[in-house]
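Next up, target_18.txt (compact mmCIF, C-alpha atoms):
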```txt
# COMPACT_ATOMS: atom_id res chain seq x y z
CA MET P 1 -62.13 -42.93 123.61
CA ALA P 2 -60.22 -43.25 120.28
CA ALA P 3 -60.10 -46.44 118.37
CA GLU P 4 -56.87 -48.32 118.39
CA VAL P 5 -55.04 -48.93 115.11
CA PRO P 6 -53.66 -52.36 114.62
CA PRO P 7 -49.91 -52.35 114.32
CA ASN P 8 -49.68 -54.42 111.11
CA PRO P 9 -52.74 -54.00 108.94
CA GLN P 10 -53.16 -56.80 106.47
CA PRO P 11 -54.21 -56.12 102.91
CA PRO P 12 -57.49 -57.50 101.82
CA SER P 13 -57.56 -60.85 100.29
CA GLY P 14 -57.06 -60.92 96.54
CA ALA P 15 -54.98 -57.68 96.38
CA ARG P 16 -51.43 -57.79 94.92
CA PRO P 17 -48.49 -56.29 96.68
CA ALA P 18 -47.52 -52.74 95.51
CA GLY P 19 -44.28 -53.69 93.88
CA ALA P 20 -44.90 -57.18 92.82
CA GLY P 21 -46.74 -56.85 89.53
CA GLY P 22 -45.68 -53.28 88.29
CA ALA P 23 -41.93 -53.57 88.78
CA ARG P 24 -41.48 -56.65 86.68
CA PRO P 25 -42.35 -55.03 83.28
CA LEU P 26 -40.07 -52.06 84.01
CA ARG P 27 -37.20 -54.38 84.80
CA LEU P 28 -37.74 -56.14 81.48
CA LEU P 29 -37.81 -52.88 79.39
CA ALA P 30 -34.91 -51.15 81.16
CA PRO P 31 -32.11 -52.63 78.99
CA LEU P 32 -33.97 -51.72 75.80
CA ILE P 33 -34.76 -48.17 76.88
CA GLY P 34 -31.23 -47.65 78.18
CA GLY P 35 -29.67 -48.77 74.91
CA LEU P 36 -31.88 -46.58 72.75
CA CYS P 37 -31.73 -43.43 74.85
CA ARG P 38 -28.18 -43.62 76.11
CA GLY P 39 -27.03 -40.80 73.79
CA SER P 40 -30.07 -38.66 74.55
CA VAL P 41 -29.60 -39.05 78.25
CA GLN P 42 -25.98 -37.95 78.02
CA TRP P 43 -26.92 -34.87 75.93
CA LEU P 44 -29.62 -33.97 78.42
CA ALA P 45 -27.11 -34.30 81.21
CA ARG P 46 -24.91 -31.70 79.57
CA ALA P 47 -27.69 -29.39 78.38
CA VAL P 48 -29.57 -29.14 81.66
CA PRO P 49 -26.74 -27.37 83.56
CA MET P 50 -26.14 -24.92 80.64
CA ALA P 51 -29.84 -24.14 80.37
CA THR P 52 -29.93 -23.61 84.09
CA VAL P 53 -27.02 -21.13 83.86
CA ASN P 54 -28.46 -19.28 80.84
CA SER P 55 -31.85 -19.07 82.45
CA GLU P 56 -30.34 -17.24 85.36
CA ARG P 57 -28.91 -14.39 83.13
CA PRO P 58 -31.13 -11.45 82.21
CA ARG P 59 -32.19 -11.46 78.56
CA ARG P 60 -31.20 -8.51 76.33
CA ARG P 61 -33.80 -7.19 73.98
CA VAL P 62 -32.51 -6.70 70.42
CA PRO P 63 -33.93 -3.64 68.61
CA PRO P 64 -35.88 -4.46 65.44
CA ALA P 65 -33.55 -2.23 63.28
CA MET P 66 -30.45 -4.19 64.32
CA ALA P 67 -32.00 -7.60 63.99
CA ALA P 68 -30.90 -7.99 60.33
CA TYR P 69 -28.33 -6.42 57.95
CA SER P 70 -29.42 -3.38 55.93
CA PRO P 71 -27.67 -0.61 53.90
CA GLY P 72 -27.68 1.55 57.01
CA VAL P 73 -25.42 -0.83 58.87
CA LEU P 74 -21.85 0.54 59.27
CA VAL P 75 -19.25 -2.17 58.78
CA GLY P 76 -15.47 -2.14 58.70
CA ASN P 77 -13.37 0.92 59.64
CA TRP P 78 -16.21 3.32 58.86
CA SER P 79 -15.04 5.96 61.30
CA GLU P 80 -11.49 5.96 59.89
CA ASP P 81 -12.81 6.11 56.30
CA ALA P 82 -15.00 9.11 57.10
CA ALA P 83 -12.07 10.92 58.75
CA LEU P 84 -9.82 10.15 55.75
CA ALA P 85 -12.41 11.48 53.26
CA GLU P 86 -12.76 14.69 55.27
CA GLU P 87 -8.98 15.11 55.38
CA LEU P 88 -8.68 14.61 51.61
CA LEU P 89 -11.36 17.24 51.03
CA GLU P 90 -9.55 19.75 53.22
CA ASP P 91 -6.27 19.04 51.41
CA PHE P 92 -7.99 19.58 48.06
CA ARG P 93 -9.42 22.92 49.18
CA ARG P 94 -6.05 24.07 50.50
CA LYS P 95 -4.25 23.21 47.24
CA ARG P 96 -6.96 24.86 45.16
CA GLU P 97 -6.68 28.11 47.10
CA ALA P 98 -2.87 28.03 46.78
CA GLY P 99 -2.99 27.16 43.05
CA GLU P 100 -1.11 23.89 43.56
CA LEU P 101 -3.54 21.55 41.82
CA PHE P 102 -2.29 19.54 38.86
CA THR P 103 -4.64 21.22 36.39
CA GLN P 104 -3.80 24.67 37.76
CA ARG P 105 -0.05 24.12 37.40
CA CYS P 106 -0.44 22.87 33.83
CA GLN P 107 -2.67 25.81 32.93
CA LYS P 108 -0.21 28.27 34.48
CA LEU P 109 2.70 26.85 32.47
CA GLN P 110 0.69 26.92 29.27
CA ASP P 111 -0.50 30.48 29.89
CA ASN P 112 3.09 31.67 30.36
CA LEU P 113 4.31 29.93 27.22
CA LEU P 114 1.48 31.43 25.14
CA LYS P 115 1.51 34.86 26.76
CA LYS P 116 1.74 37.80 24.35
CA VAL P 117 5.18 39.44 24.22
CA LYS P 118 6.02 42.86 22.83
CA LEU P 119 9.04 42.91 20.53
CA SER P 120 11.69 45.63 20.59
CA LEU P 121 11.42 48.63 18.25
CA PRO P 122 14.86 49.62 16.94
CA LYS P 123 15.14 53.20 15.83
CA ASP P 124 18.17 52.76 13.60
CA GLY P 125 17.19 49.46 11.94
CA PHE P 126 19.91 47.39 13.63
CA VAL P 127 19.87 44.63 16.25
CA HIS P 128 21.05 45.63 19.74
CA PHE P 129 22.02 43.86 22.92
CA GLY P 130 18.97 43.45 25.15
CA ASP P 131 16.44 43.41 22.29
CA THR P 132 13.53 40.98 22.41
CA VAL P 133 13.23 39.43 18.96
CA MET P 134 12.04 36.39 17.04
CA LEU P 135 14.27 34.16 14.92
CA LEU P 136 12.54 33.48 11.63
CA SER P 137 13.45 30.93 8.97
CA PRO P 138 12.18 32.66 5.79
CA ASP P 139 10.23 31.03 3.01
CA ASN P 140 12.32 30.00 0.00
CA ASN P 141 9.46 30.89 -2.39
CA LYS P 142 9.50 27.45 -3.97
CA SER P 143 6.55 25.24 -4.81
CA TRP P 144 5.63 22.32 -2.61
CA MET P 145 6.86 19.94 -5.32
CA GLU P 146 10.31 21.55 -5.27
CA ASN P 147 10.38 21.46 -1.46
CA TYR P 148 9.05 17.93 -1.15
CA PRO P 149 9.34 16.30 1.35
CA GLY P 150 10.10 19.57 3.16
CA VAL P 151 7.47 22.02 4.31
CA CYS P 152 6.85 25.41 2.72
CA GLY P 153 6.31 28.71 4.48
CA LYS P 154 7.89 30.67 7.29
CA LEU P 155 9.00 29.00 10.52
CA VAL P 156 9.94 30.51 13.87
CA LEU P 157 12.35 29.14 16.46
CA ALA P 158 10.50 28.18 19.67
CA VAL P 159 10.89 26.36 22.98
CA ASN P 160 9.75 22.75 22.77
CA LEU P 161 8.68 21.07 26.02
CA ASP P 162 7.88 17.38 25.90
CA GLU P 163 4.52 16.15 27.18
CA VAL P 164 6.01 14.77 30.40
CA ALA P 165 7.46 18.17 31.30
CA MET P 166 4.20 19.91 30.38
CA PHE P 167 2.30 17.85 32.97
CA THR P 168 4.95 17.76 35.71
CA ALA P 169 7.02 20.97 35.53
CA GLU P 170 5.92 24.32 36.90
CA SER P 171 8.48 26.28 34.83
CA LEU P 172 11.17 25.71 32.22
CA ARG P 173 13.65 23.00 33.14
CA ALA P 174 17.07 22.50 31.62
CA PRO P 175 17.94 20.84 29.35
CA CYS P 176 15.04 21.75 27.09
CA GLY P 177 14.54 21.23 23.36
CA VAL P 178 13.78 23.69 20.60
CA SER P 179 11.76 23.38 17.41
CA ALA P 180 10.45 25.42 14.49
CA VAL P 181 6.77 26.37 14.50
CA LYS P 182 4.45 28.03 12.00
CA SER P 183 2.91 30.47 14.47
CA MET P 184 4.05 34.02 13.72
CA ASP P 185 2.56 35.64 16.81
CA PRO P 186 5.20 36.78 19.35
CA VAL P 187 4.53 34.77 22.52
CA GLY P 188 6.60 33.55 25.42
CA ARG P 189 7.84 30.37 23.78
CA ASN P 190 9.08 31.84 20.47
CA THR P 191 10.76 35.07 21.59
CA PHE P 192 14.45 35.40 22.50
CA CYS P 193 16.61 38.08 24.07
CA ILE P 194 19.97 39.10 22.60
CA LEU P 195 22.58 38.77 25.37
CA SER P 196 26.12 40.10 25.59
CA VAL P 197 28.88 37.60 26.38
CA ASP P 198 31.97 39.77 25.87
CA GLY P 199 31.10 42.86 27.90
CA GLY P 200 28.98 44.71 25.36
CA ALA P 201 26.64 47.33 26.82
CA VAL P 202 22.86 47.01 26.59
CA GLY P 203 21.61 49.03 23.64
CA GLU P 204 24.84 48.73 21.66
CA PRO P 205 24.42 47.35 18.11
CA ILE P 206 25.60 43.82 17.37
CA ARG P 207 28.23 43.57 14.67
CA PHE P 208 29.06 40.83 12.19
CA GLY P 209 31.53 38.43 13.74
CA GLN P 210 30.78 39.55 17.31
CA LYS P 211 29.78 36.87 19.81
CA PHE P 212 26.39 37.01 21.49
CA GLY P 213 23.95 34.78 23.33
CA LEU P 214 20.28 33.95 22.84
CA GLY P 215 18.15 33.69 25.98
CA ALA P 216 14.61 32.33 26.26
CA THR P 217 12.35 33.04 29.23
CA GLY P 218 9.26 31.10 28.14
CA GLY P 219 7.05 33.85 29.58
CA PHE P 220 8.64 33.67 33.06
CA SER P 221 10.30 36.79 34.40
CA ASP P 222 12.61 35.05 36.89
CA GLN P 223 14.17 32.40 34.67
CA THR P 224 16.29 32.37 31.51
CA LEU P 225 17.56 29.47 29.43
CA TYR P 226 20.30 29.87 26.82
CA LEU P 227 20.42 28.45 23.31
CA ALA P 228 23.36 26.05 23.04
CA SER P 229 24.83 23.28 20.90
CA ASP P 230 27.68 20.80 21.03
CA HIS P 231 29.43 18.25 18.85
CA LYS P 232 27.31 15.19 18.17
CA SER P 233 28.30 11.90 19.76
CA PHE P 234 26.88 8.41 20.16
CA LEU P 235 24.68 9.62 23.00
CA ARG P 236 24.00 13.24 21.98
CA PHE P 237 22.47 13.94 18.56
CA ALA P 238 19.24 15.13 16.97
CA LYS P 239 16.44 12.58 17.25
CA LYS P 240 15.29 12.64 13.61
CA SER P 241 18.19 13.76 11.43
CA TYR P 242 21.04 12.47 13.68
CA LEU P 243 22.83 15.78 13.14
CA GLN P 244 24.24 18.19 15.71
CA GLN P 245 21.70 18.86 18.43
CA VAL P 246 20.40 22.29 19.49
CA PHE P 247 19.01 22.69 23.00
CA LEU P 248 18.46 25.11 25.87
CA THR P 249 20.60 25.10 29.00
CA ASP P 250 20.67 27.12 32.23
CA GLU P 251 24.43 27.75 32.25
CA LEU P 252 26.35 30.33 30.24
CA SER P 253 29.43 28.76 28.68
CA TYR P 254 31.29 28.45 25.41
CA LEU P 255 28.44 26.24 24.17
CA THR P 256 26.01 29.18 24.25
CA ARG P 257 27.97 31.59 22.03
CA TRP P 258 26.88 32.50 18.50
CA HIS P 259 27.86 35.05 15.89
CA ALA P 260 26.20 36.49 12.78
CA ALA P 261 27.69 36.32 9.28
CA PHE P 262 26.79 38.20 6.12
CA LEU P 263 24.66 36.28 3.65
CA ASP P 264 26.95 36.56 0.61
CA PRO P 265 30.19 34.61 1.26
CA GLN P 266 32.12 36.76 -1.23
CA LEU P 267 31.32 39.93 0.74
CA ARG P 268 31.48 38.36 4.18
CA LEU P 269 34.98 39.56 4.96
CA GLU P 270 34.21 43.14 3.87
CA TYR P 271 31.15 43.31 6.15
CA GLU P 272 33.05 42.09 9.21
CA GLY P 273 32.52 44.60 12.02
CA PHE P 274 29.47 46.30 10.52
CA PRO P 275 26.19 46.41 12.52
CA VAL P 276 23.77 43.55 11.92
CA PRO P 277 20.60 44.82 10.21
CA ALA P 278 17.23 43.72 11.56
CA ASN P 279 14.61 41.98 9.41
CA SER P 280 17.21 40.88 6.84
CA ASN P 281 18.57 37.47 5.89
CA ILE P 282 21.73 36.51 7.79
CA ILE P 283 23.64 33.39 8.82
CA ILE P 284 23.81 32.47 12.53
CA THR P 285 26.82 30.26 13.30
CA HIS P 286 27.78 28.42 16.47
CA CYS P 287 31.20 29.62 17.65
CA HIS P 288 32.42 26.37 19.22
CA THR P 289 31.52 23.95 16.41
CA ASN P 290 31.49 26.41 13.46
CA GLN P 291 28.17 24.94 12.29
CA SER P 292 25.27 27.16 11.25
CA LEU P 293 21.79 27.08 12.73
CA ALA P 294 19.41 25.40 10.29
CA VAL P 295 15.89 24.00 9.79
CA PRO P 296 15.98 20.95 7.46
CA ARG P 297 12.16 21.25 7.01
CA ASN P 298 11.71 17.53 6.30
CA PHE P 299 11.91 16.16 9.86
CA CYS P 300 8.69 16.52 11.82
CA ILE P 301 8.39 16.08 15.56
CA ARG P 302 5.25 15.81 17.69
CA SER P 303 4.86 18.03 20.71
CA TYR P 304 2.19 19.15 23.14
CA PHE P 305 1.31 22.02 20.76
CA GLY P 306 1.03 19.85 17.64
CA MET P 307 3.25 19.08 14.66
CA GLU P 308 6.53 21.00 14.64
CA TYR P 309 9.89 20.77 12.84
CA GLU P 310 13.36 19.85 14.00
CA VAL P 311 16.10 22.47 14.41
CA VAL P 312 19.75 21.41 14.07
CA CYS P 313 23.19 22.90 13.81
CA HIS P 314 24.52 21.99 10.37
CA THR P 315 25.89 23.98 7.42
CA TYR P 316 24.13 23.11 4.15
CA LEU P 317 26.31 24.12 1.17
CA ASN P 318 25.30 24.19 -2.48
CA SER P 319 27.50 23.61 -5.51
CA HIS P 320 28.94 27.14 -5.20
CA LYS P 321 30.06 26.53 -1.61
CA ALA P 322 27.44 28.96 -0.33
CA GLU P 323 24.88 28.31 2.38
CA GLU P 324 21.47 27.09 1.29
CA ASP P 325 18.19 28.67 2.33
CA LYS P 326 17.93 26.17 5.20
CA ASN P 327 20.58 28.24 7.00
CA TYR P 328 18.90 31.60 6.39
CA TRP P 329 17.57 33.46 9.43
CA VAL P 330 15.85 36.78 9.99
CA ILE P 331 15.98 38.61 13.33
CA VAL P 332 12.43 39.98 13.51
CA THR P 333 11.64 43.11 15.52
CA GLY P 334 8.44 44.99 16.28
CA ASN P 335 6.51 47.15 13.86
CA PRO P 336 6.83 50.89 14.69
CA SER P 337 3.52 51.70 13.01
CA ASP P 338 1.61 48.98 14.90
CA GLU P 339 2.82 47.77 18.28
CA GLU P 340 0.65 44.66 18.14
CA SER P 341 2.32 43.32 14.97
CA THR P 342 5.84 42.59 13.74
CA MET P 343 7.86 43.65 10.74
CA ILE P 344 7.01 40.44 8.89
CA ASP P 345 3.33 41.47 9.03
CA ARG P 346 4.10 44.75 7.36
CA PRO P 347 3.03 44.78 3.70
CA ASP P 348 5.58 44.99 0.94
CA PRO P 349 5.94 48.58 -0.31
CA HIS P 350 5.94 47.26 -3.89
CA SER P 351 3.35 44.53 -3.59
CA GLU P 352 2.50 44.78 -7.31
CA GLY P 353 6.10 44.39 -8.41
CA ILE P 354 8.80 46.82 -9.47
CA ARG P 355 7.48 49.68 -11.48
CA LYS P 356 8.98 50.69 -14.75
CA LYS P 357 11.43 53.52 -15.06
CA SER P 358 8.95 55.59 -17.04
CA ASP P 359 6.57 55.53 -14.04
CA PHE P 360 9.08 57.40 -11.89
CA HIS P 361 9.83 60.19 -14.34
CA GLU P 362 7.40 62.34 -16.16
CA LYS P 363 7.85 62.93 -19.84
CA THR P 364 9.61 66.16 -20.62
CA GLN P 365 9.04 68.24 -23.70
CA ASN P 366 11.02 71.04 -25.26
CA ILE P 367 8.96 74.13 -24.64
CA LYS P 368 9.98 77.38 -26.25
CA ILE P 369 9.99 80.21 -23.78
CA PRO P 370 8.80 83.42 -25.31
CA ASP P 371 11.05 86.42 -25.15
```
Show this structure as structure tokens.
Amino acid sequence: MAAEVPPNPQPPSGARPAGAGGARPLRLLAPLIGGLCRGSVQWLARAVPMATVNSERPRRRVPPAMAAYSPGVLVGNWSEDAALAEELLEDFRRKREAGELFTQRCQKLQDNLLKKVKLSLPKDGFVHFGDTVMLLSPDNNKSWMENYPGVCGKLVLAVNLDEVAMFTAESLRAPCGVSAVKSMDPVGRNTFCILSVDGGAVGEPIRFGQKFGLGATGGFSDQTLYLASDHKSFLRFAKKSYLQQVFLTDELSYLTRWHAAFLDPQLRLEYEGFPVPANSNIIITHCHTNQSLAVPRNFCIRSYFGMEYEVVCHTYLNSHKAEEDKNYWVIVTGNPSDEESTMIDRPDPHSEGIRKKSDFHEKTQNIKIPD
């Protein structure tokens, strides 16, 4: 038979009740602990739910290579930059194959301007319509002291493109300047074609007083610019000498008409209508302004090809009312004996001077003829 448990067991004598002695110190320290840890308890109250939520999510493992930044990390619009670089490379290759690069266009223009040109070979010694010639300003055979500050030597009329046009243009653009250069080699920039403006046939000789035109191609076969001039004004004049300007235009008009005059003014009227001889000194006059083509020789201009000299339209007269050597011009043709050279390269037939009369005739003696 089981033992019966008393309904209300009594604690042994001398033992303290369970809550009597231990609860009193906690009640005394509660205000102090609550004041010190009030902020911590509030933070814990907020952090515990967040930690509980984050602990429920699965953790993602970060690869070691992506844990920190390195040069291999692609930042920004890296995909767009790579596509743009590839597109620029394809555009460069396309332009290079088509010859449209900046350096290729500049080289093409320079090659055409400096391309060798064959001058015409007249059979009768005269200048004809359609001839390809050079316009030469001859040397005045004076010392450099007498010419100072002008330059000595022969000068040739040439096309003068400014540096901006050399780097931007693909061909000759009007209006274009002209200048006088020292290079005597016939190339694209210093050769001109004699053009008819009054219905003259190609191959017909030009005559003194007859109007003609001067066309420059610059080495291009599909383009021609015409030598022209006009009265000077406040906005249109030569840059250095402030005289009448000479330029190239793409339109044939009264500004592009010239005529040749005989060198000696006293015989000029008598030679009117005679053919113009090649490789001889003549005067080239502008029909509209009645001013002669000239090279002052003391006004230098800088160009892409170096130091050159200004060309103007002005008649320089001396004390005898005759044109000075600044207005002298020679229409240079090719050399029949050497196709690669011109008539100015041909040596003088009397390079040692004029021989004496006794050198041409042998001495004669009276010889008695026997019977």
What's the 9 Å shell around stretch 288-298 of chain P, counting all atoms listed in the file, without same-chain residues fewer than 6 positions away, as an mmCIF file with C-alpha atoms, in the frame of the given file?
```cif
data_model
loop_
_atom_site.group_PDB
_atom_site.id
_atom_site.type_symbol
_atom_site.label_atom_id
_atom_site.label_comp_id
_atom_site.auth_asym_id
_atom_site.auth_seq_id
_atom_site.Cartn_x
_atom_site.Cartn_y
_atom_site.Cartn_z
ATOM 1 C CA SER P 137 13.450 30.930 8.970
ATOM 2 C CA ASN P 147 10.380 21.460 -1.460
ATOM 3 C CA TYR P 148 9.050 17.930 -1.150
ATOM 4 C CA PRO P 149 9.340 16.300 1.350
ATOM 5 C CA GLY P 150 10.100 19.570 3.160
ATOM 6 C CA VAL P 151 7.470 22.020 4.310
ATOM 7 C CA CYS P 152 6.850 25.410 2.720
ATOM 8 C CA LEU P 155 9.000 29.000 10.520
ATOM 9 C CA SER P 179 11.760 23.380 17.410
ATOM 10 C CA ALA P 180 10.450 25.420 14.490
ATOM 11 C CA SER P 229 24.830 23.280 20.900
ATOM 12 C CA ASP P 230 27.680 20.800 21.030
ATOM 13 C CA HIS P 231 29.430 18.250 18.850
ATOM 14 C CA SER P 241 18.190 13.760 11.430
ATOM 15 C CA GLN P 244 24.240 18.190 15.710
ATOM 16 C CA VAL P 246 20.400 22.290 19.490
ATOM 17 C CA TYR P 254 31.290 28.450 25.410
ATOM 18 C CA LEU P 255 28.440 26.240 24.170
ATOM 19 C CA THR P 256 26.010 29.180 24.250
ATOM 20 C CA ARG P 257 27.970 31.590 22.030
ATOM 21 C CA TRP P 258 26.880 32.500 18.500
ATOM 22 C CA TYR P 309 9.890 20.770 12.840
ATOM 23 C CA GLU P 310 13.360 19.850 14.000
ATOM 24 C CA VAL P 311 16.100 22.470 14.410
ATOM 25 C CA VAL P 312 19.750 21.410 14.070
ATOM 26 C CA CYS P 313 23.190 22.900 13.810
ATOM 27 C CA HIS P 314 24.520 21.990 10.370
ATOM 28 C CA THR P 315 25.890 23.980 7.420
ATOM 29 C CA TYR P 316 24.130 23.110 4.150
ATOM 30 C CA GLU P 323 24.880 28.310 2.380
ATOM 31 C CA ASP P 325 18.190 28.670 2.330
ATOM 32 C CA LYS P 326 17.930 26.170 5.200
ATOM 33 C CA ASN P 327 20.580 28.240 7.000
ATOM 34 C CA TYR P 328 18.900 31.600 6.390
ATOM 35 C CA TRP P 329 17.570 33.460 9.430
#
```
Task: Best match for closeness to P:Ser120 among P:Gly203, P:Leu88, P:Gln223, P:His320, counting all atoms listed in the file - done: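 That would be P:Gly203, the residue with the smallest distance to P:Ser120.
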Task: Coordinates-based distance that separates atom CA of P:Val181 from atom CA of P:Leu157 (Å, one decimal) - done: 6.5 Å
TODO: Could you tell me how far atom CA of P:Leu225 lies from atom CA of P:Asp250, in Å and to one decimal?
DONE: 4.8 Å
- [ ] Identify, on the basis of only C-alpha atoms, every residue whose closest approach to P:Asn160 does not exceed 7 Å; exclude the query and any residue fewer than 6 positions from it along the same chain; express the result as a ChimeraX atom specification.
- [x] /P:176-179
Task: Atom-to-atom span, atom CA of P:Asp264 and atom CA of P:Glu324, Å - done: 11.0 Å
Give me, as a JSON list (two decimals) with C-alpha atoms, in the frame of the given file, all polymer residues having an atom no more than 12 Å from P:Gln107, counting all atoms listed in the file and skipping those fewer than 5 positions away in the same chain.
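File written: part-v6.json
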```
[["chain", "number", "residue", "atom", "x", "y", "z"],
["P", 99, "GLY", "CA", -2.99, 27.16, 43.05],
["P", 100, "GLU", "CA", -1.11, 23.89, 43.56],
["P", 101, "LEU", "CA", -3.54, 21.55, 41.82],
["P", 102, "PHE", "CA", -2.29, 19.54, 38.86],
["P", 112, "ASN", "CA", 3.09, 31.67, 30.36],
["P", 113, "LEU", "CA", 4.31, 29.93, 27.22],
["P", 114, "LEU", "CA", 1.48, 31.43, 25.14],
["P", 115, "LYS", "CA", 1.51, 34.86, 26.76],
["P", 166, "MET", "CA", 4.20, 19.91, 30.38],
["P", 167, "PHE", "CA", 2.30, 17.85, 32.97],
["P", 168, "THR", "CA", 4.95, 17.76, 35.71],
["P", 169, "ALA", "CA", 7.02, 20.97, 35.53],
["P", 170, "GLU", "CA", 5.92, 24.32, 36.90],
["P", 171, "SER", "CA", 8.48, 26.28, 34.83]]
```
Excluding P:Ile206 and any residue of its chain fewer than 4 positions from it, enumerate the residues within 12 Å of it, using all atoms listed in the file, and give them as a PDB file with C-alpha atoms, in the frame of the given file.
```
ATOM      1  CA  GLY P 125      17.190  49.460  11.940  1.00  0.00           C
ATOM      2  CA  PHE P 126      19.910  47.390  13.630  1.00  0.00           C
ATOM      3  CA  VAL P 127      19.870  44.630  16.250  1.00  0.00           C
ATOM      4  CA  HIS P 128      21.050  45.630  19.740  1.00  0.00           C
ATOM      5  CA  PHE P 129      22.020  43.860  22.920  1.00  0.00           C
ATOM      6  CA  GLY P 130      18.970  43.450  25.150  1.00  0.00           C
ATOM      7  CA  ASP P 131      16.440  43.410  22.290  1.00  0.00           C
ATOM      8  CA  ILE P 194      19.970  39.100  22.600  1.00  0.00           C
ATOM      9  CA  LEU P 195      22.580  38.770  25.370  1.00  0.00           C
ATOM     10  CA  SER P 196      26.120  40.100  25.590  1.00  0.00           C
ATOM     11  CA  VAL P 197      28.880  37.600  26.380  1.00  0.00           C
ATOM     12  CA  ASP P 198      31.970  39.770  25.870  1.00  0.00           C
ATOM     13  CA  GLY P 199      31.100  42.860  27.900  1.00  0.00           C
ATOM     14  CA  GLY P 200      28.980  44.710  25.360  1.00  0.00           C
ATOM     15  CA  ALA P 201      26.640  47.330  26.820  1.00  0.00           C
ATOM     16  CA  VAL P 202      22.860  47.010  26.590  1.00  0.00           C
ATOM     17  CA  GLN P 210      30.780  39.550  17.310  1.00  0.00           C
ATOM     18  CA  LYS P 211      29.780  36.870  19.810  1.00  0.00           C
ATOM     19  CA  PHE P 212      26.390  37.010  21.490  1.00  0.00           C
ATOM     20  CA  GLY P 213      23.950  34.780  23.330  1.00  0.00           C
ATOM     21  CA  TRP P 258      26.880  32.500  18.500  1.00  0.00           C
ATOM     22  CA  HIS P 259      27.860  35.050  15.890  1.00  0.00           C
ATOM     23  CA  ALA P 260      26.200  36.490  12.780  1.00  0.00           C
ATOM     24  CA  ALA P 261      27.690  36.320   9.280  1.00  0.00           C
ATOM     25  CA  GLU P 272      33.050  42.090   9.210  1.00  0.00           C
ATOM     26  CA  GLY P 273      32.520  44.600  12.020  1.00  0.00           C
ATOM     27  CA  PHE P 274      29.470  46.300  10.520  1.00  0.00           C
ATOM     28  CA  PRO P 275      26.190  46.410  12.520  1.00  0.00           C
ATOM     29  CA  VAL P 276      23.770  43.550  11.920  1.00  0.00           C
ATOM     30  CA  PRO P 277      20.600  44.820  10.210  1.00  0.00           C
ATOM     31  CA  ALA P 278      17.230  43.720  11.560  1.00  0.00           C
ATOM     32  CA  ILE P 331      15.980  38.610  13.330  1.00  0.00           C
TER      33      ILE P 331
END
```
Task: Among the residues P:Phe192, P:Tyr242, P:Phe305, P:Trp78, the one that comes closest to P:Gly218 [using all atoms listed in the file] - done: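 Of the candidates, the smallest distance to P:Gly218 is held by P:Phe192.
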- [ ] Name the residues in contact with P:Phe262 at a cut-off of 9 Å, using only C-alpha atoms, excluding same-chain residues fewer than 3 positions from it; report them as a list in words.
- [x] Phe208, Gly209, Pro265, Leu267, Arg268, Leu269, Tyr271, Glu272, Val276, Asn281, Ile282 and Ile283 of chain P
TODO: Find, counting all atoms listed in the file, the residue in P:Asp185, P:Asp111, P:Glu90, P:Glu204 that gets nearest to P:Ser341.
DONE: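 Nearest candidate to P:Ser341 out of P:Asp185, P:Asp111, P:Glu90, P:Glu204: P:Asp185.
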Task: Proximity to P:Ala165 - best of P:Glu87, P:Tyr304, P:Asn141, P:Gly215, only C-alpha atoms - done: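 Of the candidates, the smallest distance to P:Ala165 is held by P:Tyr304.
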Filtering to C-alpha atoms, could stretch 156-177 of chain P of the supplied structure be written out as a compact mmCIF listing (two decimals), in the first residue's frame?
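Saved the output as decode04.txt:
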```
# COMPACT_ATOMS: atom_id res chain seq x y z
CA VAL P 156 57.99 81.18 -112.59
CA LEU P 157 54.29 81.89 -112.11
CA ALA P 158 52.65 79.17 -109.97
CA VAL P 159 49.48 78.28 -108.09
CA ASN P 160 49.69 79.22 -104.42
CA LEU P 161 47.43 77.31 -102.00
CA ASP P 162 47.36 78.48 -98.41
CA GLU P 163 48.08 75.99 -95.63
CA VAL P 164 44.42 75.70 -94.63
CA ALA P 165 43.45 74.66 -98.16
CA MET P 166 46.38 72.23 -98.34
CA PHE P 167 45.06 70.32 -95.31
CA THR P 168 41.33 70.54 -96.05
CA ALA P 169 40.82 70.63 -99.84
CA GLU P 170 40.95 67.60 -102.11
CA SER P 171 41.44 69.69 -105.28
CA LEU P 172 41.86 73.30 -106.35
CA ARG P 173 39.22 75.63 -104.96
CA ALA P 174 38.35 79.06 -106.27
CA PRO P 175 39.36 81.72 -105.52
CA CYS P 176 43.00 80.69 -105.33
CA GLY P 177 46.17 82.78 -105.16
```
